[in-house]
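Enquirer: Got a file for you: query-v2.cif, mmCIF, C-alpha atoms.
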```cif
data_work
loop_
_atom_site.group_PDB
_atom_site.id
_atom_site.type_symbol
_atom_site.label_atom_id
_atom_site.label_comp_id
_atom_site.auth_asym_id
_atom_site.auth_seq_id
_atom_site.Cartn_x
_atom_site.Cartn_y
_atom_site.Cartn_z
ATOM 1 C CA MET A 1 22.261 21.085 -43.885
ATOM 2 C CA SER A 2 22.242 23.649 -41.095
ATOM 3 C CA GLU A 3 25.133 25.981 -40.272
ATOM 4 C CA GLN A 4 25.524 24.139 -36.955
ATOM 5 C CA GLN A 5 25.859 20.779 -38.717
ATOM 6 C CA LEU A 6 28.459 22.216 -41.104
ATOM 7 C CA LYS A 7 30.395 23.659 -38.174
ATOM 8 C CA GLU A 8 30.394 20.263 -36.422
ATOM 9 C CA ILE A 9 31.651 18.537 -39.576
ATOM 10 C CA ALA A 10 34.375 21.145 -40.041
ATOM 11 C CA ASP A 11 35.410 20.850 -36.385
ATOM 12 C CA LYS A 12 35.719 17.053 -36.666
ATOM 13 C CA ALA A 13 37.567 17.135 -40.012
ATOM 14 C CA ASP A 14 41.162 15.951 -40.082
ATOM 15 C CA MET A 15 41.912 18.797 -42.478
ATOM 16 C CA ILE A 16 40.222 21.368 -44.678
ATOM 17 C CA ILE A 17 41.672 22.304 -48.064
ATOM 18 C CA ALA A 18 40.070 24.867 -50.373
ATOM 19 C CA ASN A 19 36.738 24.559 -48.524
ATOM 20 C CA TYR A 20 36.728 20.732 -48.756
ATOM 21 C CA SER A 21 36.635 18.898 -45.426
ATOM 22 C CA PHE A 22 38.566 15.623 -45.254
ATOM 23 C CA THR A 23 37.600 13.210 -42.480
ATOM 24 C CA VAL A 24 39.251 9.811 -42.025
ATOM 25 C CA THR A 25 36.776 7.119 -40.947
ATOM 26 C CA GLU A 26 37.471 4.190 -38.616
ATOM 27 C CA ASN A 27 38.039 1.854 -41.580
ATOM 28 C CA GLY A 28 40.515 4.237 -43.205
ATOM 29 C CA ASN A 29 38.223 5.657 -45.872
ATOM 30 C CA VAL A 30 38.125 9.412 -46.332
ATOM 31 C CA LYS A 31 34.903 11.402 -46.450
ATOM 32 C CA ILE A 32 35.174 14.595 -48.487
ATOM 33 C CA LEU A 33 32.505 17.249 -48.199
ATOM 34 C CA TYR A 34 32.423 20.502 -50.131
ATOM 35 C CA LEU A 35 31.494 22.916 -47.367
ATOM 36 C CA SER A 36 30.171 25.547 -49.784
ATOM 37 C CA ASP A 37 27.677 23.032 -51.179
ATOM 38 C CA PRO A 38 27.226 20.150 -48.709
ATOM 39 C CA ASN A 39 25.127 18.171 -51.173
ATOM 40 C CA GLN A 40 28.400 17.517 -52.987
ATOM 41 C CA ALA A 41 30.330 14.733 -51.249
ATOM 42 C CA CYS A 42 32.393 11.661 -51.935
ATOM 43 C CA VAL A 43 34.277 8.879 -50.155
ATOM 44 C CA LEU A 44 37.801 7.718 -51.049
ATOM 45 C CA ASP A 45 39.273 4.373 -50.079
ATOM 46 C CA LYS A 46 42.755 3.998 -48.555
ATOM 47 C CA ASN A 47 44.293 4.103 -52.044
ATOM 48 C CA GLY A 48 42.568 7.365 -52.898
ATOM 49 C CA ASP A 49 40.075 5.789 -55.291
ATOM 50 C CA MET A 50 36.567 7.256 -55.217
ATOM 51 C CA VAL A 51 34.201 4.554 -53.946
ATOM 52 C CA MET A 52 31.088 6.664 -53.404
ATOM 53 C CA SER A 53 29.811 10.003 -54.651
ATOM 54 C CA SER A 54 26.651 12.039 -54.401
ATOM 55 C CA MET A 55 27.106 13.161 -58.018
ATOM 56 C CA ASP A 56 27.384 11.640 -61.438
ATOM 57 C CA GLU A 57 30.904 10.989 -62.727
ATOM 58 C CA SER A 58 31.202 14.140 -64.860
ATOM 59 C CA LYS A 59 30.191 16.389 -61.963
ATOM 60 C CA SER A 60 32.592 14.600 -59.602
ATOM 61 C CA ALA A 61 35.538 15.458 -61.827
ATOM 62 C CA GLU A 62 34.517 19.123 -61.807
ATOM 63 C CA ARG A 63 33.642 19.416 -58.140
ATOM 64 C CA PHE A 64 36.501 17.492 -56.526
ATOM 65 C CA PRO A 65 39.597 19.022 -58.072
ATOM 66 C CA THR A 66 42.512 16.721 -58.710
ATOM 67 C CA LYS A 67 44.930 19.106 -56.994
ATOM 68 C CA SER A 68 43.010 18.892 -53.712
ATOM 69 C CA LEU A 69 42.844 15.109 -53.903
ATOM 70 C CA LEU A 70 46.550 14.787 -54.683
ATOM 71 C CA LEU A 71 47.443 17.204 -51.895
ATOM 72 C CA TYR A 72 45.269 15.178 -49.530
ATOM 73 C CA ARG A 73 46.955 11.916 -50.578
ATOM 74 C CA ASN A 74 50.379 13.387 -49.846
ATOM 75 C CA ILE A 75 49.411 14.919 -46.510
ATOM 76 C CA SER A 76 47.221 12.017 -45.372
ATOM 77 C CA ARG A 77 50.144 9.625 -45.219
ATOM 78 C CA THR A 78 51.126 11.400 -42.005
ATOM 79 C CA ILE A 79 47.576 11.240 -40.596
ATOM 80 C CA ILE A 80 46.533 7.688 -41.447
#
```
Before we go any further, please render this structure as structure tokens.
Expert:
Amino acid sequence: MSEQQLKEIADKADMIIANYSFTVTENGNVKILYLSDPNQACVLDKNGDMVMSSMDESKSAERFPTKSLLLYRNISRTII
């Protein structure tokens, strides 16, 4: 992914926490992209459950820290 593409994603993100961009989609899902390694991404549903990931389950737990997800869930209630 080019620097320009990363910049566009970051600019469109609803928030960025600890180098993770969080973008709410039209259907209410949340796309999370690790900006330091854009091959690492996941999608959460409205309840915060991971519905899609570019990694296997063990890597997802390492790469998408629980603290960031919980912080997003708390903050997102004001966005969504």
Enquirer: Residue by residue, what does the PyMOL selection byres ((chain A and resi 39) around 12) grab here? Present the result as a ChimeraX atom specification.
Expert: /A:1-2,6,32-38,40-42,53-55,60,63
Enquirer: Could you work out how far CA of Asn19 (chain A) lies from CA of Val43 (chain A), giving the answer in Å with one decimal?
Expert: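 Those two atoms sit 16.0 Å apart.
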Enquirer: Suppose you want the space between CA of Glu3 (chain A) and CA of Ile16 (chain A); what is it in Å?
Expert: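 So the two atoms, CA of Glu3 (chain A) and CA of Ile16 (chain A), lie 16.4 Å apart.
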Enquirer: So that I can check the surroundings of Lys12 (chain A), please list as a list in words every protein, DNA and RNA residue that reaches within 12 Å of it, counting only C-alpha atoms and ignoring chain neighbours fewer than 2 positions away.
Expert: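 The residues satisfying every condition are Gln5, Leu6, Lys7, Glu8, Ile9, Ala10, Asp14, Met15, Ile16, Ser21, Phe22, Thr23, Val24, Thr25, Lys31 and Leu33 of chain A.
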Enquirer: Rounded to one decimal in Å, what is the spacing between CA of Asn27 (chain A) and CA of Gln4 (chain A)?
Expert: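 CA of Asn27 (chain A) sits 26.0 Å away from CA of Gln4 (chain A).
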Enquirer: Give, as JSON, the centre coordinates and the x, y and z edge lengths in Å to one decimal for an axis-aligned box around all listed atoms of region 33-50 of chain A, padded by 3 Å on each side.
Expert:
```
{"center_x": 34.7, "center_y": 14.8, "center_z": -51.3, "size_x": 25.2, "size_y": 27.5, "size_z": 13.9}
```
Enquirer: Where atoms are missing, can you supply N, CA and C atoms for region 17-29 of chain A and output the lot as a PDB file, in the coordinates of the input?
Expert:
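Output (rebuild-v8.pdb):
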```pdb
ATOM      1  N   ILE A  17      40.886  21.738 -46.969  1.00  0.00           N
ATOM      2  CA  ILE A  17      41.672  22.304 -48.064  1.00  0.00           C
ATOM      3  C   ILE A  17      40.692  22.904 -49.066  1.00  0.00           C
ATOM      4  N   ALA A  18      40.878  24.190 -49.350  1.00  0.00           N
ATOM      5  CA  ALA A  18      40.070  24.867 -50.373  1.00  0.00           C
ATOM      6  C   ALA A  18      38.575  24.629 -50.159  1.00  0.00           C
ATOM      7  N   ASN A  19      38.141  24.710 -48.914  1.00  0.00           N
ATOM      8  CA  ASN A  19      36.738  24.559 -48.524  1.00  0.00           C
ATOM      9  C   ASN A  19      36.197  23.134 -48.672  1.00  0.00           C
ATOM     10  N   TYR A  20      37.085  22.153 -48.778  1.00  0.00           N
ATOM     11  CA  TYR A  20      36.728  20.732 -48.756  1.00  0.00           C
ATOM     12  C   TYR A  20      37.168  20.171 -47.415  1.00  0.00           C
ATOM     13  N   SER A  21      36.249  19.548 -46.682  1.00  0.00           N
ATOM     14  CA  SER A  21      36.635  18.898 -45.426  1.00  0.00           C
ATOM     15  C   SER A  21      36.993  17.452 -45.722  1.00  0.00           C
ATOM     16  N   PHE A  22      38.076  16.993 -45.101  1.00  0.00           N
ATOM     17  CA  PHE A  22      38.566  15.623 -45.254  1.00  0.00           C
ATOM     18  C   PHE A  22      38.523  14.968 -43.882  1.00  0.00           C
ATOM     19  N   THR A  23      37.747  13.903 -43.752  1.00  0.00           N
ATOM     20  CA  THR A  23      37.600  13.210 -42.480  1.00  0.00           C
ATOM     21  C   THR A  23      37.899  11.727 -42.675  1.00  0.00           C
ATOM     22  N   VAL A  24      38.886  11.226 -41.943  1.00  0.00           N
ATOM     23  CA  VAL A  24      39.251   9.811 -42.025  1.00  0.00           C
ATOM     24  C   VAL A  24      38.299   9.011 -41.139  1.00  0.00           C
ATOM     25  N   THR A  25      37.706   7.958 -41.701  1.00  0.00           N
ATOM     26  CA  THR A  25      36.776   7.119 -40.947  1.00  0.00           C
ATOM     27  C   THR A  25      37.545   6.015 -40.220  1.00  0.00           C
ATOM     28  N   GLU A  26      36.843   5.273 -39.386  1.00  0.00           N
ATOM     29  CA  GLU A  26      37.471   4.190 -38.616  1.00  0.00           C
ATOM     30  C   GLU A  26      38.105   3.129 -39.519  1.00  0.00           C
ATOM     31  N   ASN A  27      37.503   2.886 -40.678  1.00  0.00           N
ATOM     32  CA  ASN A  27      38.039   1.854 -41.580  1.00  0.00           C
ATOM     33  C   ASN A  27      39.089   2.403 -42.549  1.00  0.00           C
ATOM     34  N   GLY A  28      39.463   3.657 -42.387  1.00  0.00           N
ATOM     35  CA  GLY A  28      40.515   4.237 -43.205  1.00  0.00           C
ATOM     36  C   GLY A  28      40.044   4.951 -44.454  1.00  0.00           C
ATOM     37  N   ASN A  29      38.746   4.896 -44.748  1.00  0.00           N
ATOM     38  CA  ASN A  29      38.223   5.657 -45.872  1.00  0.00           C
ATOM     39  C   ASN A  29      38.238   7.141 -45.514  1.00  0.00           C
TER      40      ASN A  29
END
```
